>>> print(open('run.cif').read())   # mmCIF, C-alpha atoms
data_structure
loop_
_atom_site.group_PDB
_atom_site.id
_atom_site.type_symbol
_atom_site.label_atom_id
_atom_site.label_comp_id
_atom_site.auth_asym_id
_atom_site.auth_seq_id
_atom_site.Cartn_x
_atom_site.Cartn_y
_atom_site.Cartn_z
ATOM 1 C CA GLU A 1 19.832 57.638 42.214
ATOM 2 C CA ARG A 2 21.119 61.141 41.540
ATOM 3 C CA ILE A 3 19.078 61.436 38.341
ATOM 4 C CA ARG A 4 15.966 60.225 40.171
ATOM 5 C CA ARG A 5 16.463 62.996 42.731
ATOM 6 C CA TRP A 6 16.978 65.647 40.054
ATOM 7 C CA LEU A 7 14.005 64.574 37.957
ATOM 8 C CA SER A 8 10.593 66.016 38.789
ATOM 9 C CA PRO A 9 7.919 63.473 39.789
ATOM 10 C CA ASP A 10 6.348 63.592 36.326
ATOM 11 C CA GLY A 11 9.662 64.017 34.484
ATOM 12 C CA ILE A 12 10.920 61.711 31.761
ATOM 13 C CA LEU A 13 14.502 60.455 31.492
ATOM 14 C CA LEU A 14 15.718 60.272 27.882
ATOM 15 C CA LEU A 15 18.713 58.068 27.074
ATOM 16 C CA GLN A 16 20.495 57.415 23.810
ATOM 17 C CA VAL A 17 23.451 55.063 23.650
ATOM 18 C CA PRO A 18 25.093 52.873 21.022
ATOM 19 C CA ASN A 19 23.186 49.593 20.737
ATOM 20 C CA PHE A 20 25.608 46.790 21.586
ATOM 21 C CA ASP A 21 23.050 44.312 20.203
ATOM 22 C CA SER A 22 22.977 46.039 16.797
ATOM 23 C CA TRP A 23 23.880 44.545 13.464
ATOM 24 C CA GLN A 24 26.631 47.161 13.281
ATOM 25 C CA SER A 25 28.181 45.943 16.515
ATOM 26 C CA ARG A 26 27.989 42.307 15.481
ATOM 27 C CA LEU A 27 29.267 42.768 11.914
ATOM 28 C CA LEU A 28 31.946 45.394 12.526
ATOM 29 C CA GLY A 29 33.286 44.128 15.850
ATOM 30 C CA LYS A 30 36.224 46.156 17.163
ATOM 31 C CA ARG A 31 35.973 48.517 14.182
ATOM 32 C CA TRP A 32 32.484 49.682 15.236
ATOM 33 C CA THR A 33 32.629 53.332 16.266
ATOM 34 C CA GLY A 34 29.860 52.762 18.806
ATOM 35 C CA LEU A 35 32.411 51.166 21.102
ATOM 36 C CA ASP A 36 34.254 54.509 21.313
ATOM 37 C CA ILE A 37 36.667 53.313 23.976
ATOM 38 C CA PRO A 38 37.618 54.907 26.389
ATOM 39 C CA ARG A 39 34.736 57.396 26.193
ATOM 40 C CA HIS A 40 32.103 54.633 26.340
ATOM 41 C CA ARG A 41 33.196 52.485 29.236
ATOM 42 C CA HIS A 42 29.960 50.484 29.426
ATOM 43 C CA HIS A 43 27.938 49.103 26.532
ATOM 44 C CA PHE A 44 24.221 48.417 26.531
ATOM 45 C CA ALA A 45 21.745 46.233 24.688
ATOM 46 C CA PRO A 46 17.992 46.771 25.112
ATOM 47 C CA VAL A 47 17.712 44.060 27.761
ATOM 48 C CA THR A 48 20.614 45.384 29.854
ATOM 49 C CA LEU A 49 19.469 49.023 29.671
ATOM 50 C CA THR A 50 15.926 47.977 30.597
ATOM 51 C CA ARG A 51 17.225 45.994 33.571
ATOM 52 C CA LEU A 52 19.422 48.878 34.730
ATOM 53 C CA LEU A 53 16.534 51.349 34.562
ATOM 54 C CA GLU A 54 14.198 49.011 36.433
ATOM 55 C CA GLN A 55 16.803 48.460 39.158
ATOM 56 C CA ALA A 56 17.076 52.244 39.482
ATOM 57 C CA ALA A 57 13.289 52.486 40.027
ATOM 58 C CA PHE A 58 12.402 53.735 36.536
ATOM 59 C CA SER A 59 9.706 52.434 34.225
ATOM 60 C CA PRO A 60 11.324 52.135 30.792
ATOM 61 C CA ARG A 61 9.289 52.523 27.625
ATOM 62 C CA GLU A 62 9.735 50.569 24.412
ATOM 63 C CA PRO A 63 13.178 51.112 22.903
ATOM 64 C CA GLN A 64 13.684 52.813 19.556
ATOM 65 C CA PHE A 65 16.582 52.021 17.262
ATOM 66 C CA PHE A 66 16.956 54.809 14.728
ATOM 67 C CA SER A 67 18.859 58.086 14.757
ATOM 68 C CA LEU A 68 19.186 59.999 11.500
ATOM 69 C CA ARG A 69 22.209 61.757 12.978
ATOM 70 C CA ASP A 70 24.023 58.656 14.233
ATOM 71 C CA ASN A 71 23.125 55.323 12.603
ATOM 72 C CA ALA A 72 24.342 55.686 9.003
ATOM 73 C CA PRO A 73 27.346 57.854 9.968
ATOM 74 C CA ALA A 74 28.438 55.145 12.416
ATOM 75 C CA ILE A 75 28.413 52.580 9.608
ATOM 76 C CA VAL A 76 30.507 54.814 7.344
ATOM 77 C CA SER A 77 32.901 55.920 10.097
ATOM 78 C CA SER A 78 33.450 52.304 11.122
ATOM 79 C CA LEU A 79 34.236 51.197 7.579
ATOM 80 C CA PHE A 80 36.179 54.307 6.515
ATOM 81 C CA PRO A 81 37.547 55.989 9.672
ATOM 82 C CA GLY A 82 39.816 58.287 7.663
ATOM 83 C CA LEU A 83 36.792 59.942 6.056
ATOM 84 C CA ASP A 84 35.029 60.884 9.300
ATOM 85 C CA PRO A 85 35.128 64.714 9.393
ATOM 86 C CA VAL A 86 35.324 64.960 13.186
ATOM 87 C CA ALA A 87 38.056 62.332 13.439
ATOM 88 C CA ALA A 88 39.968 64.024 10.610
ATOM 89 C CA ARG A 89 39.947 67.331 12.503
ATOM 90 C CA VAL A 90 41.029 65.672 15.743
ATOM 91 C CA ARG A 91 43.851 63.820 13.992
ATOM 92 C CA GLY A 92 44.891 66.940 12.090
ATOM 93 C CA LEU A 93 44.581 65.278 8.701
ATOM 94 C CA GLY A 94 45.465 67.647 5.921
ATOM 95 C CA GLY A 95 44.587 67.342 2.294
ATOM 96 C CA PRO A 96 41.426 68.181 0.417
ATOM 97 C CA ALA A 97 38.846 68.402 3.209
ATOM 98 C CA LEU A 98 36.029 69.293 0.802
ATOM 99 C CA LEU A 99 36.628 66.149 -1.249
ATOM 100 C CA ARG A 100 36.925 63.934 1.845
ATOM 101 C CA GLU A 101 33.794 65.405 3.442
ATOM 102 C CA SER A 102 31.809 65.164 0.189
ATOM 103 C CA LEU A 103 32.730 61.506 -0.158
ATOM 104 C CA TYR A 104 31.797 60.893 3.485
ATOM 105 C CA PHE A 105 28.424 62.620 3.014
ATOM 106 C CA GLY A 106 27.714 60.562 -0.120
ATOM 107 C CA LEU A 107 28.525 57.319 1.686
ATOM 108 C CA VAL A 108 26.293 58.333 4.612
ATOM 109 C CA LEU A 109 23.421 58.861 2.155
ATOM 110 C CA LEU A 110 24.066 55.432 0.634
ATOM 111 C CA ALA A 111 24.114 53.844 4.110
ATOM 112 C CA GLN A 112 20.722 55.302 5.142
ATOM 113 C CA PRO A 113 18.621 52.429 3.673
ATOM 114 C CA LEU A 114 20.710 49.894 5.617
ATOM 115 C CA ALA A 115 20.353 52.016 8.768
ATOM 116 C CA CYS A 116 16.571 52.125 8.266
ATOM 117 C CA LEU A 117 16.410 48.358 7.707
ATOM 118 C CA GLU A 118 18.422 47.508 10.805
ATOM 119 C CA ALA A 119 16.299 49.894 12.892
ATOM 120 C CA ALA A 120 13.053 48.402 11.546
ATOM 121 C CA CYS A 121 14.335 44.966 12.605
ATOM 122 C CA GLY A 122 15.111 46.225 16.126
ATOM 123 C CA ARG A 123 18.867 46.006 15.532
ATOM 124 C CA GLY A 124 19.744 49.645 14.805
ATOM 125 C CA GLY A 125 23.080 51.093 15.865
ATOM 126 C CA THR A 126 21.414 53.497 18.278
ATOM 127 C CA LEU A 127 19.358 52.567 21.320
ATOM 128 C CA PHE A 128 16.976 55.298 22.499
ATOM 129 C CA MET A 129 14.845 54.770 25.563
ATOM 130 C CA ALA A 130 12.575 56.992 27.605
ATOM 131 C CA ALA A 131 11.752 56.138 31.215
ATOM 132 C CA SER A 132 9.587 57.636 33.922
ATOM 133 C CA LYS A 133 10.117 57.414 37.642
ATOM 134 C CA LYS A 134 8.313 54.624 39.435
ATOM 135 C CA HIS A 135 6.263 56.388 42.051
ATOM 136 C CA SER A 136 6.743 55.453 45.657
ATOM 137 C CA THR A 137 5.896 57.065 48.973
ATOM 138 C CA GLY A 138 9.356 58.693 49.022
ATOM 139 C CA ASP A 139 8.811 60.731 45.812
#
>>> encode(input="run.cif", output="structure tokens")
Amino acid sequence: ERIRRWLSPDGILLLQVPNFDSWQSRLLGKRWTGLDIPRHRHHFAPVTLTRLLEQAAFSPREPQFFSLRDNAPAIVSSLFPGLDPVAARVRGLGGPALLRESLYFGLVLLAQPLACLEAACGRGGTLFMAASKKHSTGD
């Protein structure tokens, strides 16, 4: 309701969340970084995000399932959490950062074809959806 009030009548709401219905979520389970508990307290699949937006008087558009920035890195970070550069900084991991980050980058490149395939099948690790306000007499 607050976002509806803030958004101009012709404005578009843009949302990107981890896709709970992704292959990553299903295959990696609790290891999947998209869960990111406690930061992500609610998890969405396309059907649940669509329903939520419609209940909030938005008209959702077709979902998209690919993020160059997020999909492949989520695969690698889920499988090899010690290589994730952000997590390594947060945890204060020492050692050869250049080697660790180079290996991480290489694995992300190798994971891109899988990320593209899962997105093309509608099961990408990222769920992006745009929605416009449903117009009513109160807008």
>>> resolve_selection(input="run.cif", expression="the PyMOL selection byres ((chain A and resi 21-34) around 12)", output="ChimeraX atom specification")
/A:16-20,35-49,64-66,70-81,84,87,111,114-127
>>> residues_around(input="run.cif", residues="A:Thr50", least_positions_apart="2", cutoff="10 Å", atoms="all atoms listed in the file", output="number ranges by chain")
A: 44-48, 52-56, 58-63, 129, 131
>>> axis_aligned_box(input="run.cif", around="stretch 21-28 of chain A", padding_each_side="4 Å", output="AutoDock Vina command-line options")
--center_x 27.5 --center_y 44.7 --center_z 16.1 --size_x 17.0 --size_y 12.9 --size_z 16.3
>>> atom_distance(input="run.cif", atom1="atom CA of A:Leu15", atom2="atom CA of A:Gly82")
28.7 Å
>>> atom_distance(input="run.cif", atom1="atom CA of A:Ser132", atom2="atom CA of A:Leu14")
9.0 Å
>>> closest_residue(input="run.cif", among="A:Ile12, A:Trp6, A:Leu83, A:Arg69", to="A:Leu107", atoms="only C-alpha atoms")
A:Leu83
>>> closest_residue(input="run.cif", among="A:Ala97, A:Pro85, A:Ala57, A:Arg51", to="A:Lys134", atoms="only C-alpha atoms")
A:Ala57
>>> atom_distance(input="run.cif", atom1="atom CA of A:Leu68", atom2="atom CA of A:Phe128")
12.2 Å
>>> build_atoms(input="run.cif", residues="stretch 106-124 of chain A", atoms="N, CA, C and O atoms", output="PDB file, keeping the file's coordinate frame")
ATOM      1  N   GLY A 106      28.305  61.463   0.862  1.00  0.00           N
ATOM      2  CA  GLY A 106      27.714  60.562  -0.120  1.00  0.00           C
ATOM      3  C   GLY A 106      27.572  59.148   0.411  1.00  0.00           C
ATOM      4  O   GLY A 106      26.535  58.490   0.202  1.00  0.00           O
ATOM      5  N   LEU A 107      28.588  58.662   1.107  1.00  0.00           N
ATOM      6  CA  LEU A 107      28.525  57.319   1.686  1.00  0.00           C
ATOM      7  C   LEU A 107      27.475  57.232   2.794  1.00  0.00           C
ATOM      8  O   LEU A 107      26.789  56.212   2.936  1.00  0.00           O
ATOM      9  N   VAL A 108      27.332  58.306   3.568  1.00  0.00           N
ATOM     10  CA  VAL A 108      26.293  58.333   4.612  1.00  0.00           C
ATOM     11  C   VAL A 108      24.913  58.232   3.959  1.00  0.00           C
ATOM     12  O   VAL A 108      24.043  57.496   4.437  1.00  0.00           O
ATOM     13  N   LEU A 109      24.708  58.956   2.866  1.00  0.00           N
ATOM     14  CA  LEU A 109      23.421  58.861   2.155  1.00  0.00           C
ATOM     15  C   LEU A 109      23.173  57.437   1.659  1.00  0.00           C
ATOM     16  O   LEU A 109      22.062  56.915   1.773  1.00  0.00           O
ATOM     17  N   LEU A 110      24.203  56.804   1.119  1.00  0.00           N
ATOM     18  CA  LEU A 110      24.066  55.432   0.634  1.00  0.00           C
ATOM     19  C   LEU A 110      23.803  54.436   1.766  1.00  0.00           C
ATOM     20  O   LEU A 110      23.170  53.400   1.560  1.00  0.00           O
ATOM     21  N   ALA A 111      24.288  54.745   2.966  1.00  0.00           N
ATOM     22  CA  ALA A 111      24.114  53.844   4.110  1.00  0.00           C
ATOM     23  C   ALA A 111      22.752  54.001   4.787  1.00  0.00           C
ATOM     24  O   ALA A 111      22.361  53.142   5.589  1.00  0.00           O
ATOM     25  N   GLN A 112      22.007  55.068   4.462  1.00  0.00           N
ATOM     26  CA  GLN A 112      20.722  55.302   5.142  1.00  0.00           C
ATOM     27  C   GLN A 112      19.736  54.149   4.973  1.00  0.00           C
ATOM     28  O   GLN A 112      19.087  53.757   5.952  1.00  0.00           O
ATOM     29  N   PRO A 113      19.565  53.557   3.762  1.00  0.00           N
ATOM     30  CA  PRO A 113      18.621  52.429   3.673  1.00  0.00           C
ATOM     31  C   PRO A 113      18.992  51.263   4.586  1.00  0.00           C
ATOM     32  O   PRO A 113      18.118  50.655   5.210  1.00  0.00           O
ATOM     33  N   LEU A 114      20.278  50.955   4.706  1.00  0.00           N
ATOM     34  CA  LEU A 114      20.710  49.894   5.617  1.00  0.00           C
ATOM     35  C   LEU A 114      20.403  50.283   7.066  1.00  0.00           C
ATOM     36  O   LEU A 114      19.929  49.459   7.852  1.00  0.00           O
ATOM     37  N   ALA A 115      20.643  51.543   7.406  1.00  0.00           N
ATOM     38  CA  ALA A 115      20.353  52.016   8.768  1.00  0.00           C
ATOM     39  C   ALA A 115      18.856  51.922   9.067  1.00  0.00           C
ATOM     40  O   ALA A 115      18.462  51.548  10.177  1.00  0.00           O
ATOM     41  N   CYS A 116      18.025  52.238   8.087  1.00  0.00           N
ATOM     42  CA  CYS A 116      16.571  52.125   8.266  1.00  0.00           C
ATOM     43  C   CYS A 116      16.153  50.664   8.423  1.00  0.00           C
ATOM     44  O   CYS A 116      15.313  50.333   9.268  1.00  0.00           O
ATOM     45  N   LEU A 117      16.742  49.783   7.630  1.00  0.00           N
ATOM     46  CA  LEU A 117      16.410  48.358   7.707  1.00  0.00           C
ATOM     47  C   LEU A 117      16.791  47.778   9.065  1.00  0.00           C
ATOM     48  O   LEU A 117      15.986  47.089   9.702  1.00  0.00           O
ATOM     49  N   GLU A 118      18.000  48.063   9.518  1.00  0.00           N
ATOM     50  CA  GLU A 118      18.422  47.508  10.805  1.00  0.00           C
ATOM     51  C   GLU A 118      17.557  48.054  11.947  1.00  0.00           C
ATOM     52  O   GLU A 118      17.207  47.328  12.869  1.00  0.00           O
ATOM     53  N   ALA A 119      17.159  49.315  11.857  1.00  0.00           N
ATOM     54  CA  ALA A 119      16.299  49.894  12.892  1.00  0.00           C
ATOM     55  C   ALA A 119      14.911  49.248  12.867  1.00  0.00           C
ATOM     56  O   ALA A 119      14.340  48.949  13.917  1.00  0.00           O
ATOM     57  N   ALA A 120      14.372  49.029  11.672  1.00  0.00           N
ATOM     58  CA  ALA A 120      13.053  48.402  11.546  1.00  0.00           C
ATOM     59  C   ALA A 120      13.056  46.979  12.107  1.00  0.00           C
ATOM     60  O   ALA A 120      12.030  46.497  12.595  1.00  0.00           O
ATOM     61  N   CYS A 121      14.196  46.331  12.068  1.00  0.00           N
ATOM     62  CA  CYS A 121      14.335  44.966  12.605  1.00  0.00           C
ATOM     63  C   CYS A 121      14.706  44.968  14.089  1.00  0.00           C
ATOM     64  O   CYS A 121      14.962  43.910  14.677  1.00  0.00           O
ATOM     65  N   GLY A 122      14.759  46.139  14.703  1.00  0.00           N
ATOM     66  CA  GLY A 122      15.111  46.225  16.126  1.00  0.00           C
ATOM     67  C   GLY A 122      16.583  46.029  16.397  1.00  0.00           C
ATOM     68  O   GLY A 122      16.972  45.735  17.523  1.00  0.00           O
ATOM     69  N   ARG A 123      17.431  46.211  15.376  1.00  0.00           N
ATOM     70  CA  ARG A 123      18.867  46.006  15.532  1.00  0.00           C
ATOM     71  C   ARG A 123      19.666  47.223  15.091  1.00  0.00           C
ATOM     72  O   ARG A 123      20.804  47.105  14.644  1.00  0.00           O
ATOM     73  N   GLY A 124      19.067  48.415  15.201  1.00  0.00           N
ATOM     74  CA  GLY A 124      19.744  49.645  14.805  1.00  0.00           C
ATOM     75  C   GLY A 124      20.930  49.956  15.690  1.00  0.00           C
ATOM     76  O   GLY A 124      21.023  49.502  16.839  1.00  0.00           O
TER      77      GLY A 124
END
